[in-house]
Amino acid sequence: MAKLPIITAPDPRLKKKAAPVGAVDAEVRQLMDDMLETMYAAPGIGLAATQVGVMKRVLVVDLSREDEERQPLRMADPELLWVSDEDASYEEGCLSLPEHYADVVRPAAIRVGYLDQDGERRELEADGLLATCIQHEIDHLDGILFVDHVSALKRNMILRKLLKAKKSAALPPYSESATAA
Ligand code: GNR
Ligand code: NI
């Protein structure tokens, strides 16, 4: 297993649509395991392959608490088969938008079809935080971030702060001249 670097916004790779894997082979299985290791270390409750720079439709989720047994979900080519008319609002966070949170409205319940780690076609019904998290991860595979669901004002504020943080982190200490180059 390997922990992978997580891409943070703004980054053009987070806006790309990921390609279906078609079938689950050893490489996809390894990616799922590496993503789980990365997610647990972060820590986070979900991770999409897009966030580690792999443009494949693969996601992992685990909502278990730290004092509980792990309950990892591994999904390839996930598809929303049904969403409820009823909506729910959750305060969402994202490992690609570190330290920023916003209320996002999404369908409260879903049915998702996917290929599991053994390549078996499965379906899962979810509500609550699990439904929110799976939708958040499928969004990543389509190049969509949670800030794309909030007002332009809030979105731009968050993205501006992240860009600023990125620029200052890229600069060596006390160096003004590095920006001129
Ligand atoms: O760790 C995460 N927490 C979270 C909280 C509310 C709604 C969605 C999420 S997913 C996020 C990890 C992440 O960025 N996944 O893409
Ligand atoms: Ni995210």
# chains A, B, ... in the order shown; residues from 1 in each chain; ligands from 1

call {"tool": "select_by_dssp", "arguments": {"residues": "stretch 14-171 of chain A", "states": "strand (DSSP E)", "output": "number ranges by chain"}}
result
A: 46-48, 58-61, 73-83, 87-92, 102-107, 109-115, 121-127

call {"tool": "residues_around", "arguments": {"residues": "stretch 162-176 of chain A", "least_positions_apart": "3", "cutoff": "10 Å", "atoms": "only C-alpha atoms", "output": "compact mmCIF listing (two decimals) with N, CA, C and O atoms, in the first residue's frame"}}
result
# COMPACT_ATOMS: atom_id res chain seq x y z
N THR A 8 -4.82 19.86 -4.08
CA THR A 8 -5.71 20.88 -3.53
C THR A 8 -6.02 21.96 -4.57
O THR A 8 -5.23 22.22 -5.47
N ALA A 9 -7.20 22.56 -4.42
CA ALA A 9 -7.66 23.61 -5.34
C ALA A 9 -6.88 24.90 -5.08
O ALA A 9 -6.44 25.12 -3.96
N PRO A 10 -6.73 25.79 -6.05
CA PRO A 10 -7.16 25.56 -7.44
C PRO A 10 -6.16 24.72 -8.22
O PRO A 10 -4.95 24.92 -8.09
N ASP A 11 -6.67 23.78 -9.01
CA ASP A 11 -5.82 22.92 -9.84
C ASP A 11 -6.69 22.40 -10.98
O ASP A 11 -7.78 21.88 -10.74
N SER A 96 -9.54 18.43 -0.74
CA SER A 96 -8.96 19.28 -1.79
C SER A 96 -9.26 20.76 -1.58
O SER A 96 -8.78 21.60 -2.34
N LEU A 97 -10.06 21.06 -0.54
CA LEU A 97 -10.35 22.46 -0.15
C LEU A 97 -10.11 22.57 1.35
O LEU A 97 -11.02 22.84 2.13
N PRO A 98 -8.87 22.31 1.79
CA PRO A 98 -8.60 22.14 3.22
C PRO A 98 -9.02 23.35 4.05
O PRO A 98 -8.77 24.49 3.67
N GLU A 99 -9.67 23.03 5.17
CA GLU A 99 -10.06 24.03 6.17
C GLU A 99 -11.20 24.94 5.73
O GLU A 99 -11.42 25.99 6.32
N HIS A 100 -11.94 24.54 4.70
CA HIS A 100 -13.11 25.32 4.28
C HIS A 100 -14.34 24.44 4.31
O HIS A 100 -14.29 23.28 3.93
N ASN A 156 -16.05 31.95 -4.55
CA ASN A 156 -14.88 32.76 -4.91
C ASN A 156 -14.06 33.13 -3.69
O ASN A 156 -12.83 33.20 -3.77
N MET A 157 -14.74 33.34 -2.56
CA MET A 157 -14.03 33.66 -1.32
C MET A 157 -13.11 32.49 -0.94
O MET A 157 -11.93 32.67 -0.64
N ILE A 158 -13.67 31.28 -0.98
CA ILE A 158 -12.90 30.08 -0.61
C ILE A 158 -11.74 29.86 -1.59
O ILE A 158 -10.60 29.64 -1.19
N LEU A 159 -12.03 29.94 -2.89
CA LEU A 159 -11.00 29.67 -3.90
C LEU A 159 -9.88 30.71 -3.86
O LEU A 159 -8.71 30.40 -4.05
N THR A 179 8.56 36.10 -6.87
CA THR A 179 7.32 36.37 -7.61
C THR A 179 7.60 37.04 -8.95
O THR A 179 6.82 36.91 -9.87
N ALA A 180 8.71 37.76 -9.04
CA ALA A 180 9.03 38.52 -10.26
C ALA A 180 9.49 37.61 -11.39
O ALA A 180 9.33 37.96 -12.56

call {"tool": "closest_atom_pairs", "arguments": {"of": "chain A", "to": "ligand 2", "cutoff": "8 Å", "atoms": "only C-alpha atoms and all ligand atoms", "output": "JSON lines"}}
result
{"residue": "A:Gly46", "atom": "CA", "partner": "ligand 2", "partner_atom_place_in_ligand_line": "1 (Ni)", "distance": 7.1}
{"residue": "A:Leu47", "atom": "CA", "partner": "ligand 2", "partner_atom_place_in_ligand_line": "1 (Ni)", "distance": 6.4}
{"residue": "A:Ala48", "atom": "CA", "partner": "ligand 2", "partner_atom_place_in_ligand_line": "1 (Ni)", "distance": 7.2}
{"residue": "A:Gln51", "atom": "CA", "partner": "ligand 2", "partner_atom_place_in_ligand_line": "1 (Ni)", "distance": 7.5}
{"residue": "A:Gly93", "atom": "CA", "partner": "ligand 2", "partner_atom_place_in_ligand_line": "1 (Ni)", "distance": 6.8}
{"residue": "A:Cys94", "atom": "CA", "partner": "ligand 2", "partner_atom_place_in_ligand_line": "1 (Ni)", "distance": 3.8}
{"residue": "A:Leu95", "atom": "CA", "partner": "ligand 2", "partner_atom_place_in_ligand_line": "1 (Ni)", "distance": 5.4}
{"residue": "A:Ser96", "atom": "CA", "partner": "ligand 2", "partner_atom_place_in_ligand_line": "1 (Ni)", "distance": 5.8}
{"residue": "A:Leu97", "atom": "CA", "partner": "ligand 2", "partner_atom_place_in_ligand_line": "1 (Ni)", "distance": 7.4}
{"residue": "A:His136", "atom": "CA", "partner": "ligand 2", "partner_atom_place_in_ligand_line": "1 (Ni)", "distance": 6.2}
{"residue": "A:Glu137", "atom": "CA", "partner": "ligand 2", "partner_atom_place_in_ligand_line": "1 (Ni)", "distance": 6.2}
{"residue": "A:His140", "atom": "CA", "partner": "ligand 2", "partner_atom_place_in_ligand_line": "1 (Ni)", "distance": 6.7}
{"residue": "A:Leu145", "atom": "CA", "partner": "ligand 2", "partner_atom_place_in_ligand_line": "1 (Ni)", "distance": 6.8}
{"residue": "A:Phe146", "atom": "CA", "partner": "ligand 2", "partner_atom_place_in_ligand_line": "1 (Ni)", "distance": 7.2}

call {"tool": "closest_residue", "arguments": {"among": "A:Arg160, A:Ala19, A:Gln135, A:Asp25", "to": "A:Val61", "atoms": "only C-alpha atoms"}}
result
A:Gln135

call {"tool": "residues_around", "arguments": {"residues": "A:Tyr90", "least_positions_apart": "2", "cutoff": "12 Å", "atoms": "only C-alpha atoms", "output": "list in words"}}
result
Asp87, Ala88, Glu92, Gly93, Tyr101, Ala102, Asp103, Val104, Val105, Arg106, Pro107, Ala108, Asp127, Gly128, Leu129, Leu130, Ala131, Thr132, Cys133, Gln135, His136, Phe146, His149 and Val150 of chain A

call {"tool": "write_last_selection", "arguments": {"atoms": "N, CA and C atoms", "output": "JSON list (two decimals), in the first residue's frame"}}
result
[["chain", "number", "residue", "atom", "x", "y", "z"],
["A", 87, "ASP", "N", -34.65, 16.69, -0.36],
["A", 87, "ASP", "CA", -33.26, 17.15, -0.24],
["A", 87, "ASP", "C", -32.81, 17.15, 1.22],
["A", 88, "ALA", "N", -31.51, 17.18, 1.39],
["A", 88, "ALA", "CA", -30.93, 17.32, 2.73],
["A", 88, "ALA", "C", -29.74, 18.26, 2.63],
["A", 92, "GLU", "N", -20.40, 20.48, 4.39],
["A", 92, "GLU", "CA", -19.40, 19.63, 3.75],
["A", 92, "GLU", "C", -18.00, 20.22, 3.86],
["A", 93, "GLY", "N", -17.04, 19.31, 3.89],
["A", 93, "GLY", "CA", -15.64, 19.67, 3.82],
["A", 93, "GLY", "C", -15.04, 18.86, 2.69],
["A", 101, "TYR", "N", -15.44, 25.01, 4.77],
["A", 101, "TYR", "CA", -16.68, 24.26, 4.96],
["A", 101, "TYR", "C", -17.86, 25.09, 4.48],
["A", 102, "ALA", "N", -18.88, 24.41, 3.96],
["A", 102, "ALA", "CA", -20.08, 25.13, 3.55],
["A", 102, "ALA", "C", -21.26, 24.16, 3.53],
["A", 103, "ASP", "N", -22.46, 24.70, 3.77],
["A", 103, "ASP", "CA", -23.68, 23.89, 3.69],
["A", 103, "ASP", "C", -24.00, 23.63, 2.23],
["A", 104, "VAL", "N", -24.23, 22.35, 1.91],
["A", 104, "VAL", "CA", -24.56, 21.95, 0.55],
["A", 104, "VAL", "C", -25.86, 21.16, 0.57],
["A", 105, "VAL", "N", -26.77, 21.51, -0.35],
["A", 105, "VAL", "CA", -28.06, 20.82, -0.47],
["A", 105, "VAL", "C", -27.95, 19.78, -1.60],
["A", 106, "ARG", "N", -28.32, 18.55, -1.28],
["A", 106, "ARG", "CA", -28.31, 17.46, -2.26],
["A", 106, "ARG", "C", -29.52, 16.56, -1.98],
["A", 107, "PRO", "N", -29.85, 15.65, -2.93],
["A", 107, "PRO", "CA", -30.88, 14.65, -2.62],
["A", 107, "PRO", "C", -30.54, 13.91, -1.32],
["A", 108, "ALA", "N", -31.58, 13.69, -0.49],
["A", 108, "ALA", "CA", -31.36, 13.10, 0.84],
["A", 108, "ALA", "C", -31.03, 11.61, 0.77],
["A", 127, "ASP", "N", -28.72, 6.87, 2.70],
["A", 127, "ASP", "CA", -29.25, 8.18, 3.06],
["A", 127, "ASP", "C", -28.28, 8.81, 4.06],
["A", 128, "GLY", "N", -28.66, 9.95, 4.61],
["A", 128, "GLY", "CA", -27.80, 10.59, 5.61],
["A", 128, "GLY", "C", -26.43, 10.96, 5.03],
["A", 129, "LEU", "N", -25.42, 10.91, 5.91],
["A", 129, "LEU", "CA", -24.08, 11.33, 5.52],
["A", 129, "LEU", "C", -23.49, 10.45, 4.41],
["A", 130, "LEU", "N", -23.87, 9.14, 4.41],
["A", 130, "LEU", "CA", -23.35, 8.25, 3.37],
["A", 130, "LEU", "C", -23.82, 8.69, 1.98],
["A", 131, "ALA", "N", -25.10, 9.07, 1.88],
["A", 131, "ALA", "CA", -25.64, 9.54, 0.60],
["A", 131, "ALA", "C", -24.93, 10.82, 0.16],
["A", 132, "THR", "N", -24.71, 11.72, 1.12],
["A", 132, "THR", "CA", -24.00, 12.97, 0.82],
["A", 132, "THR", "C", -22.58, 12.70, 0.34],
["A", 133, "CYS", "N", -21.89, 11.82, 1.06],
["A", 133, "CYS", "CA", -20.48, 11.54, 0.76],
["A", 133, "CYS", "C", -20.33, 10.88, -0.62],
["A", 135, "GLN", "N", -22.32, 11.15, -3.17],
["A", 135, "GLN", "CA", -22.60, 12.18, -4.20],
["A", 135, "GLN", "C", -21.41, 13.14, -4.33],
["A", 136, "HIS", "N", -20.81, 13.50, -3.19],
["A", 136, "HIS", "CA", -19.62, 14.38, -3.19],
["A", 136, "HIS", "C", -18.48, 13.72, -3.99],
["A", 146, "PHE", "N", -17.51, 20.75, -4.05],
["A", 146, "PHE", "CA", -18.70, 21.17, -3.28],
["A", 146, "PHE", "C", -18.94, 22.67, -3.40],
["A", 149, "HIS", "N", -21.61, 24.05, -5.67],
["A", 149, "HIS", "CA", -23.02, 23.98, -5.26],
["A", 149, "HIS", "C", -23.42, 25.15, -4.36],
["A", 150, "VAL", "N", -22.50, 26.03, -4.04],
["A", 150, "VAL", "CA", -22.83, 27.17, -3.17],
["A", 150, "VAL", "C", -22.78, 28.47, -3.98]]

call {"tool": "closest_residue", "arguments": {"among": "A:Pro72, A:Gly119, A:Pro5, A:Pro12", "to": "A:Ala49", "atoms": "only C-alpha atoms"}}
result
A:Pro5

call {"tool": "atom_distance", "arguments": {"atom1": "atom CA of A:Asp142", "atom2": "atom CA of A:Arg65"}}
result
28.0 Å

call {"tool": "atom_distance", "arguments": {"atom1": "atom CA of A:Trp82", "atom2": "atom CA of A:Glu69"}}
result
29.2 Å

call {"tool": "atom_distance", "arguments": {"atom1": "atom 16 (O, counted along the ligand's line) of ligand 1", "atom2": "atom CA of A:Glu86"}}
result
22.8 Å

call {"tool": "select_by_dssp", "arguments": {"residues": "stretch 22-152 of chain A", "states": "helix (DSSP H, G or I)", "output": "ChimeraX atom specification"}}
result
/A:26-41,49-52,128-141,146-149,152

call {"tool": "closest_residue", "arguments": {"among": "A:Ser84, A:Met75, A:Leu153, A:Met39", "to": "A:Arg122", "atoms": "only C-alpha atoms"}}
result
A:Met75

call {"tool": "closest_residue", "arguments": {"among": "A:Asp67, A:Asp85, A:Arg111, A:Ile134", "to": "ligand 1", "atoms": "only C-alpha atoms and all ligand atoms"}}
result
A:Ile134

call {"tool": "closest_residue", "arguments": {"among": "A:Val21, A:Ala126, A:Ala109, A:Ile144", "to": "ligand 1", "atoms": "only C-alpha atoms and all ligand atoms"}}
result
A:Ile144

call {"tool": "closest_residue", "arguments": {"among": "A:Met55, A:Ala23, A:Ala152, A:Leu73", "to": "A:Leu36", "atoms": "only C-alpha atoms"}}
result
A:Leu73
